[in-house]
Structure formats: structure tokens, C-alpha cells
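I have placed the structure first, in the form of C-alpha cells, so that the comments after it can refer back to it.
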Amino acid sequence: MMKPDLIPGLEELLLDLNRVSAEVILPLFRSDHGLEDKGGETGFDPVTMADRGAEAAIRRRLAEVVPEHGVIGEEYGEDRPDREFVWVLDPVDGTRAFIAGLPVWTTLISLRWRGEPVLSSIGQPYLGEVFIGSPEGSRLVRGGESRPLRVRPCFGLSVATIASTDPIAYFGADEKAAWDRVRAAARLARLGCDAYAYAMVAAGAIDLVLESRACKCWDIEAAAPLLAGAGGVATDWNGMPIGLNGGQLVVAGDRACLDEALPLLKSAAD
């Protein structure tokens, strides 16, 4: 187990990295953000100066403060991914929301210790929010104040609010069919929130989030420490801990809700 006395300093570093990132991103939000299309076989794949500039800024700060740590990022790849401590970065998760001017994009930062995600943050700087999760618990930092986060009880899908980014665009045919089964059983579904939905599960506002096998590690790893610290869980579609290579994701606040959803996902689970 990672030494508990390391956690306060690492949490402060997380907040610092969110500040550094926000300084780059916010001037470009709802402004000239330099949109480019990475394209390829996946079709439209947007990237902006905010994505690249924020990741570069985070990497510079990490090199100053913890030069012995490794880094994995969406924009600039891997740097010493076999180190004891490895940071996993997605500076603008939800680039499509970002370019559409919608404040549900987030900055995702997680820290692996010996190959396990142990600390994470989901930041939404336009709203002034940083959701932090660690072995000490999860909390929302906003306006200089901090409050604990806790998932809410949800005793089944019939009373659940669920979410996904875009089942039509991102899910395979089998995954879409599985989503439809879960959606039919749920009370309410919301789409298009990207990783901000993970934070809403930790905050007790959403009960279940499903994402597809197209997810990369930087898309999903921040969910695990945040949810664990808030009393929830992040698993793959088999109900197992998420791996280090991305893939299908279930974020749940209440295990009763998760247990009802998993059989509906089984036929599409990798």
C-alpha cells in the first residue's frame, strides 16, 4: 500500500496541475481554439491548442516537481511508463463538447502507483470545480472550499439515472444492444457528458455510467480512485477492476445497481 503520508502532497500537486492546465485551456474556451481534425479510420477526431498546450504545461510542471515519475498522455504518448509512479493525462476529455462551447469537458489526471490507479482528479475549470479521489476519500474543491463526496443509494435500475457519452457514435452493435437493455430498465438517461458524468456519480447525482471498448486508459482511469473514495465503484463490463489499457467501463454508485446492470451487459462484455 502506498504510504499515507504521501497523499496530502500528491493531492496538492493534483490541484496545482489543474491550475496549470486551466491557465492554458480557459482562454481558448469559446474562443479561437485552433481546431484540427486528426481524422483517420475513426472519422472526425478533433484536437485543439487547448488539448496540446495543457498537456505540455502539465508535463513541464511534473518534470519540475517530480522528475523521477513517468507520464502517459493522450497527445504526447508515453514517457517511462514502467516507473513506480506514473501520471495518466487527458487534458481536455470531451473535445467535442469543448469546441461546441458546452462546459462538460474535463481535465482528467490520474496517478498509478506500481501499476494501480490510486489518486485522481476530474477538473472542470470553467465551473471552478476539481473532484479529487484518493485512499483518504473523495472531495470537491471549489472556490477555495472543500467538501466530501458520497455516492447515493440506488436499489435498482428502475429508479436509476444513467449516462453515456454517445452510444450511437462510440458503441459497437453488441454494445449498443446492451446499452438499450440497460436504458429500457432505467428511469432516466442523459447523454453527452463525457467524464463529467463520472464526477456526478461520485457526487450522488447520477447512478450509473457506461462507456465503450473504444476508451483509452486516459479516458477512464481517473474514474477509479474518485469513485472508490466516494463509496462507489468503477469496473469493466464483466464487473472486474478496470485494466491499464482502457476498454469498457461501468461507473456505479450503488453495487445493487451495478449487479442489476451487469447481466444486461454480459453478451457484449469483452
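We label chains A, B, ... in the order they appear in the C-alpha cells, count residues from 1 in each chain, and number ligands from 1 in the order shown.
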Open item on the list: So that I can check the surroundings of Ile72 in chain A, please list as a VMD selection string every protein, DNA and RNA residue that reaches within 7 Å of it, counting only C-alpha atoms and ignoring chain neighbours fewer than 2 positions away.
Closed with: chain A and resid 77 to 79 81 87 to 89
Residues of range 21-128 of chain A within 7 Å of range 196-216 of chain A: nearest atom pair and distance (Å, one decimal) for each, counting only C-alpha atoms, sorted by chain and number, as a Markdown table?
```
| residue | atom | partner | partner_atom | distance |
| --- | --- | --- | --- | --- |
| A:Val104 | CA | A:Tyr196 | CA | 5.9 |
| A:Trp105 | CA | A:Tyr196 | CA | 6.8 |
| A:Thr106 | CA | A:Tyr196 | CA | 6.4 |
| A:Ile122 | CA | A:Ala199 | CA | 6.8 |
```
Could you write out the selected residues, including C-alpha atoms, as a short mmCIF file (atom, residue, chain, number, x, y, z; two decimals), in the first residue's frame?
```cif
data_model
loop_
_atom_site.label_atom_id
_atom_site.label_comp_id
_atom_site.auth_asym_id
_atom_site.auth_seq_id
_atom_site.Cartn_x
_atom_site.Cartn_y
_atom_site.Cartn_z
CA VAL A 104 -18.99 19.45 -19.63
CA TRP A 105 -15.46 18.78 -20.90
CA THR A 106 -12.98 17.95 -18.15
CA ILE A 122 -11.64 15.37 -12.67
#
```
Open item on the list: I'd like to know which residues of range 81-149 of chain A are strand (DSSP E) (by DSSP, run on the backbone); could you write them as a PyMOL selection string?
Closed with: chain A and resi 85-93+106-113+116-124+129-134+137-142+145-148
Task: Atom pair CA of Ala189 in chain A / CA of Gly156 in chain A: separation (Å) - done: 14.1 Å
Enumerate, in order of chain and increasing residue number, the residues of range 25-136 of chain A with an atom no farther than 12 Å from range 224-232 of chain A, each with its shortest atom pair and distance in Å to one decimal, counting only C-alpha atoms, as a tab-separated table.
```
residue	atom	partner	partner_atom	distance
A:Leu108	CA	A:Leu226	CA	11.0
A:Ile109	CA	A:Pro225	CA	10.7
A:Ser110	CA	A:Pro225	CA	8.2
A:Leu111	CA	A:Pro225	CA	9.2
A:Arg112	CA	A:Pro225	CA	10.0
A:Trp113	CA	A:Pro225	CA	11.7
A:Glu116	CA	A:Pro225	CA	9.6
A:Pro117	CA	A:Pro225	CA	6.5
A:Val118	CA	A:Pro225	CA	5.5
A:Leu119	CA	A:Pro225	CA	5.4
A:Ser120	CA	A:Pro225	CA	5.8
A:Ser121	CA	A:Leu226	CA	7.0
A:Ile122	CA	A:Leu226	CA	8.3
A:Gly123	CA	A:Leu226	CA	11.6
A:Val130	CA	A:Leu226	CA	11.0
A:Phe131	CA	A:Leu226	CA	7.4
A:Ile132	CA	A:Leu226	CA	6.1
A:Gly133	CA	A:Leu226	CA	3.8
A:Ser134	CA	A:Pro225	CA	5.6
A:Pro135	CA	A:Gly229	CA	6.2
A:Glu136	CA	A:Gly229	CA	6.9
```
Task: Test item, alpha helix (DSSP H) assignment across range 20-63 of chain A, answer as an NGL selection string - done: :A and (20-25 or 49-63)
I need the chosen residues saved as a short mmCIF file (atom, residue, chain, number, x, y, z; two decimals), in the first residue's frame, with all heavy atoms.
```
data_model
loop_
_atom_site.label_atom_id
_atom_site.label_comp_id
_atom_site.auth_asym_id
_atom_site.auth_seq_id
_atom_site.Cartn_x
_atom_site.Cartn_y
_atom_site.Cartn_z
N VAL A 20 -2.50 24.75 -13.48
CA VAL A 20 -1.61 24.94 -14.63
C VAL A 20 -2.37 24.66 -15.93
O VAL A 20 -2.26 25.41 -16.91
CB VAL A 20 -0.38 24.02 -14.49
CG1 VAL A 20 0.37 23.91 -15.80
CG2 VAL A 20 0.54 24.52 -13.39
N SER A 21 -3.12 23.57 -15.93
CA SER A 21 -3.89 23.21 -17.11
C SER A 21 -4.94 24.26 -17.43
O SER A 21 -5.11 24.67 -18.59
CB SER A 21 -4.55 21.85 -16.87
OG SER A 21 -5.38 21.49 -17.93
N ALA A 22 -5.66 24.71 -16.41
CA ALA A 22 -6.74 25.68 -16.62
C ALA A 22 -6.21 27.00 -17.20
O ALA A 22 -6.89 27.64 -18.01
CB ALA A 22 -7.46 25.95 -15.31
N GLU A 23 -5.02 27.39 -16.80
CA GLU A 23 -4.45 28.63 -17.33
C GLU A 23 -4.27 28.58 -18.84
O GLU A 23 -4.35 29.60 -19.52
CB GLU A 23 -3.10 28.91 -16.65
CG GLU A 23 -3.25 29.34 -15.19
CD GLU A 23 -1.91 29.45 -14.49
OE1 GLU A 23 -0.86 29.15 -15.12
OE2 GLU A 23 -1.90 29.82 -13.29
N VAL A 24 -4.04 27.39 -19.36
CA VAL A 24 -3.89 27.23 -20.81
C VAL A 24 -5.26 27.10 -21.48
O VAL A 24 -5.52 27.71 -22.53
CB VAL A 24 -3.04 25.98 -21.13
CG1 VAL A 24 -3.00 25.73 -22.63
CG2 VAL A 24 -1.63 26.13 -20.57
N ILE A 25 -6.15 26.34 -20.87
CA ILE A 25 -7.41 25.97 -21.53
C ILE A 25 -8.43 27.10 -21.54
O ILE A 25 -9.06 27.37 -22.58
CB ILE A 25 -8.02 24.73 -20.85
CG1 ILE A 25 -7.11 23.52 -21.02
CG2 ILE A 25 -9.39 24.42 -21.44
CD1 ILE A 25 -7.54 22.31 -20.20
N MET A 49 -5.67 23.54 -29.69
CA MET A 49 -4.50 24.06 -28.99
C MET A 49 -4.63 23.86 -27.48
O MET A 49 -3.62 23.75 -26.78
CB MET A 49 -4.32 25.54 -29.30
CG MET A 49 -3.92 25.83 -30.74
SD MET A 49 -3.53 27.57 -31.03
CE MET A 49 -5.13 28.35 -30.73
N ALA A 50 -5.87 23.79 -27.00
CA ALA A 50 -6.07 23.56 -25.57
C ALA A 50 -5.61 22.17 -25.16
O ALA A 50 -4.94 22.00 -24.14
CB ALA A 50 -7.54 23.75 -25.22
N ASP A 51 -5.97 21.14 -25.96
CA ASP A 51 -5.54 19.78 -25.67
C ASP A 51 -4.02 19.70 -25.57
O ASP A 51 -3.45 19.19 -24.59
CB ASP A 51 -6.00 18.82 -26.78
CG ASP A 51 -7.50 18.73 -26.92
OD1 ASP A 51 -8.08 19.60 -27.59
OD2 ASP A 51 -8.09 17.79 -26.40
N ARG A 52 -3.36 20.20 -26.61
CA ARG A 52 -1.90 20.06 -26.70
C ARG A 52 -1.18 20.98 -25.72
O ARG A 52 -0.23 20.58 -25.05
CB ARG A 52 -1.47 20.34 -28.13
CG ARG A 52 -1.91 19.24 -29.10
CD ARG A 52 -1.64 19.61 -30.53
NE ARG A 52 -1.91 18.48 -31.43
CZ ARG A 52 -2.24 18.61 -32.70
NH1 ARG A 52 -2.36 19.81 -33.24
NH2 ARG A 52 -2.46 17.54 -33.45
N GLY A 53 -1.64 22.21 -25.62
CA GLY A 53 -0.97 23.16 -24.73
C GLY A 53 -1.10 22.78 -23.27
O GLY A 53 -0.14 22.91 -22.49
N ALA A 54 -2.28 22.30 -22.87
CA ALA A 54 -2.47 21.93 -21.47
C ALA A 54 -1.64 20.71 -21.10
O ALA A 54 -1.04 20.67 -20.02
CB ALA A 54 -3.94 21.67 -21.20
N GLU A 55 -1.60 19.71 -21.99
CA GLU A 55 -0.78 18.54 -21.66
C GLU A 55 0.69 18.91 -21.57
O GLU A 55 1.41 18.44 -20.67
CB GLU A 55 -0.99 17.42 -22.67
CG GLU A 55 -0.21 16.17 -22.28
CD GLU A 55 -0.51 14.95 -23.12
OE1 GLU A 55 -1.69 14.76 -23.51
OE2 GLU A 55 0.42 14.17 -23.38
N ALA A 56 1.15 19.76 -22.49
CA ALA A 56 2.54 20.19 -22.43
C ALA A 56 2.84 20.93 -21.13
O ALA A 56 3.90 20.74 -20.51
CB ALA A 56 2.86 21.08 -23.64
N ALA A 57 1.90 21.76 -20.68
CA ALA A 57 2.09 22.51 -19.44
C ALA A 57 2.13 21.58 -18.23
O ALA A 57 2.94 21.76 -17.31
CB ALA A 57 0.98 23.55 -19.29
N ILE A 58 1.24 20.58 -18.21
CA ILE A 58 1.24 19.62 -17.11
C ILE A 58 2.55 18.85 -17.08
O ILE A 58 3.15 18.64 -16.02
CB ILE A 58 0.04 18.66 -17.24
CG1 ILE A 58 -1.28 19.40 -17.04
CG2 ILE A 58 0.16 17.52 -16.23
CD1 ILE A 58 -2.50 18.56 -17.37
N ARG A 59 3.01 18.41 -18.25
CA ARG A 59 4.26 17.66 -18.31
C ARG A 59 5.43 18.51 -17.82
O ARG A 59 6.33 18.00 -17.13
CB ARG A 59 4.50 17.16 -19.74
CG ARG A 59 3.63 15.97 -20.13
CD ARG A 59 3.82 15.62 -21.61
NE ARG A 59 3.03 14.48 -22.01
CZ ARG A 59 3.49 13.22 -22.13
NH1 ARG A 59 4.75 12.95 -21.83
NH2 ARG A 59 2.70 12.25 -22.52
N ARG A 60 5.45 19.78 -18.16
CA ARG A 60 6.54 20.65 -17.70
C ARG A 60 6.53 20.76 -16.19
O ARG A 60 7.59 20.69 -15.54
CB ARG A 60 6.41 22.04 -18.33
CG ARG A 60 6.84 22.11 -19.79
CD ARG A 60 7.02 23.54 -20.25
NE ARG A 60 5.79 24.31 -20.18
CZ ARG A 60 4.91 24.41 -21.18
NH1 ARG A 60 5.14 23.76 -22.32
NH2 ARG A 60 3.83 25.14 -21.05
N ARG A 61 5.34 20.91 -15.60
CA ARG A 61 5.28 21.03 -14.15
C ARG A 61 5.71 19.73 -13.47
O ARG A 61 6.43 19.74 -12.46
CB ARG A 61 3.87 21.43 -13.71
CG ARG A 61 3.71 21.65 -12.21
CD ARG A 61 4.71 22.70 -11.65
NE ARG A 61 4.58 23.98 -12.30
CZ ARG A 61 3.77 24.95 -11.92
NH1 ARG A 61 3.01 24.79 -10.85
NH2 ARG A 61 3.74 26.10 -12.56
N LEU A 62 5.28 18.60 -14.00
CA LEU A 62 5.70 17.33 -13.43
C LEU A 62 7.22 17.17 -13.52
O LEU A 62 7.85 16.65 -12.58
CB LEU A 62 5.00 16.17 -14.15
CG LEU A 62 3.51 16.01 -13.86
CD1 LEU A 62 2.91 14.96 -14.79
CD2 LEU A 62 3.27 15.62 -12.41
N ALA A 63 7.81 17.59 -14.63
CA ALA A 63 9.26 17.48 -14.78
C ALA A 63 9.99 18.34 -13.76
O ALA A 63 11.09 18.00 -13.31
CB ALA A 63 9.66 17.88 -16.20
#
```
Task: Test item: residues at most 12 Å from Phe98 in chain A, only C-alpha atoms, excluding those fewer than 6 positions along its chain, as a PyMOL selection string - done: chain A and resi 25-26+28-35+46-51+91-92+104-107+124-126+192-194
I need the chosen residues saved as a compact mmCIF listing (two decimals), in the first residue's frame, with C-alpha atoms.
```txt
# COMPACT_ATOMS: atom_id res chain seq x y z
CA ILE A 25 -7.41 25.97 -21.53
CA LEU A 26 -9.75 28.69 -20.31
CA LEU A 28 -9.29 29.15 -25.56
CA PHE A 29 -12.75 28.03 -24.47
CA ARG A 30 -15.49 29.67 -26.56
CA SER A 31 -12.70 31.39 -28.45
CA ASP A 32 -10.23 30.67 -31.27
CA HIS A 33 -9.03 27.25 -30.14
CA GLY A 34 -7.18 26.16 -33.30
CA LEU A 35 -9.32 23.15 -34.15
CA PRO A 46 -10.85 16.79 -33.13
CA VAL A 47 -7.88 18.24 -31.30
CA THR A 48 -7.27 21.83 -30.27
CA MET A 49 -4.50 24.06 -28.99
CA ALA A 50 -6.07 23.56 -25.57
CA ASP A 51 -5.54 19.78 -25.67
CA PRO A 91 -6.07 17.46 -20.69
CA VAL A 92 -9.42 18.00 -22.45
CA VAL A 104 -18.99 19.45 -19.63
CA TRP A 105 -15.46 18.78 -20.90
CA THR A 106 -12.98 17.95 -18.15
CA THR A 107 -9.29 17.63 -17.39
CA GLN A 124 -13.96 21.46 -14.82
CA PRO A 125 -12.23 24.84 -14.60
CA TYR A 126 -14.97 26.86 -16.32
CA GLY A 192 -23.04 13.76 -23.94
CA CYS A 193 -21.46 14.50 -20.57
CA ASP A 194 -18.21 12.57 -21.18
```
Open item on the list: I'd like the neighbourhood of Leu188 in chain A as a PyMOL selection string, where a residue qualifies if any of its atoms comes within 8 Å (using only C-alpha atoms), though same-chain residues fewer than 4 positions away should be ignored.
Closed with: chain A and resi 160-162+183
Would you export the selected residues with all heavy atoms as a short mmCIF file (atom, residue, chain, number, x, y, z; two decimals), in the first residue's frame, please?
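Writing done, so here's again.cif:
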```
data_model
loop_
_atom_site.label_atom_id
_atom_site.label_comp_id
_atom_site.auth_asym_id
_atom_site.auth_seq_id
_atom_site.Cartn_x
_atom_site.Cartn_y
_atom_site.Cartn_z
N ALA A 160 -32.99 4.47 -11.37
CA ALA A 160 -31.65 4.98 -11.65
C ALA A 160 -31.64 6.04 -12.74
O ALA A 160 -32.39 5.98 -13.71
CB ALA A 160 -30.73 3.84 -12.06
N THR A 161 -30.74 7.00 -12.57
CA THR A 161 -30.35 7.92 -13.63
C THR A 161 -29.02 7.41 -14.19
O THR A 161 -28.06 7.23 -13.43
CB THR A 161 -30.17 9.34 -13.11
OG1 THR A 161 -31.44 9.82 -12.63
CG2 THR A 161 -29.68 10.27 -14.21
N ILE A 162 -28.98 7.15 -15.49
CA ILE A 162 -27.79 6.58 -16.12
C ILE A 162 -27.28 7.56 -17.18
O ILE A 162 -27.98 8.50 -17.58
CB ILE A 162 -28.07 5.20 -16.73
CG1 ILE A 162 -29.00 5.31 -17.95
CG2 ILE A 162 -28.67 4.27 -15.67
CD1 ILE A 162 -29.13 4.00 -18.72
N ARG A 183 -30.84 0.87 -20.75
CA ARG A 183 -31.65 2.09 -20.87
C ARG A 183 -33.14 1.80 -20.66
O ARG A 183 -33.84 2.57 -20.00
CB ARG A 183 -31.42 2.72 -22.25
CG ARG A 183 -32.36 3.90 -22.57
CD ARG A 183 -32.09 5.05 -21.64
NE ARG A 183 -33.06 6.12 -21.80
CZ ARG A 183 -34.17 6.26 -21.09
NH1 ARG A 183 -34.47 5.36 -20.16
NH2 ARG A 183 -34.98 7.29 -21.27
#
```
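Between Cys154 in chain A and the candidates A:Glu11, A:Glu36, A:Asp254, A:Asp174, the tightest atom-to-atom separation, counting only C-alpha atoms, involves A:Asp254.
You can rank A:Asp90, A:Pro263, A:Glu84, A:Leu258 by their closest distance to Met2 in chain A using only C-alpha atoms, and at the top of that list sits A:Glu84.
CA of Ile99 in chain A to CA of Arg142 in chain A spans 24.1 Å [interatomic distance, one decimal].
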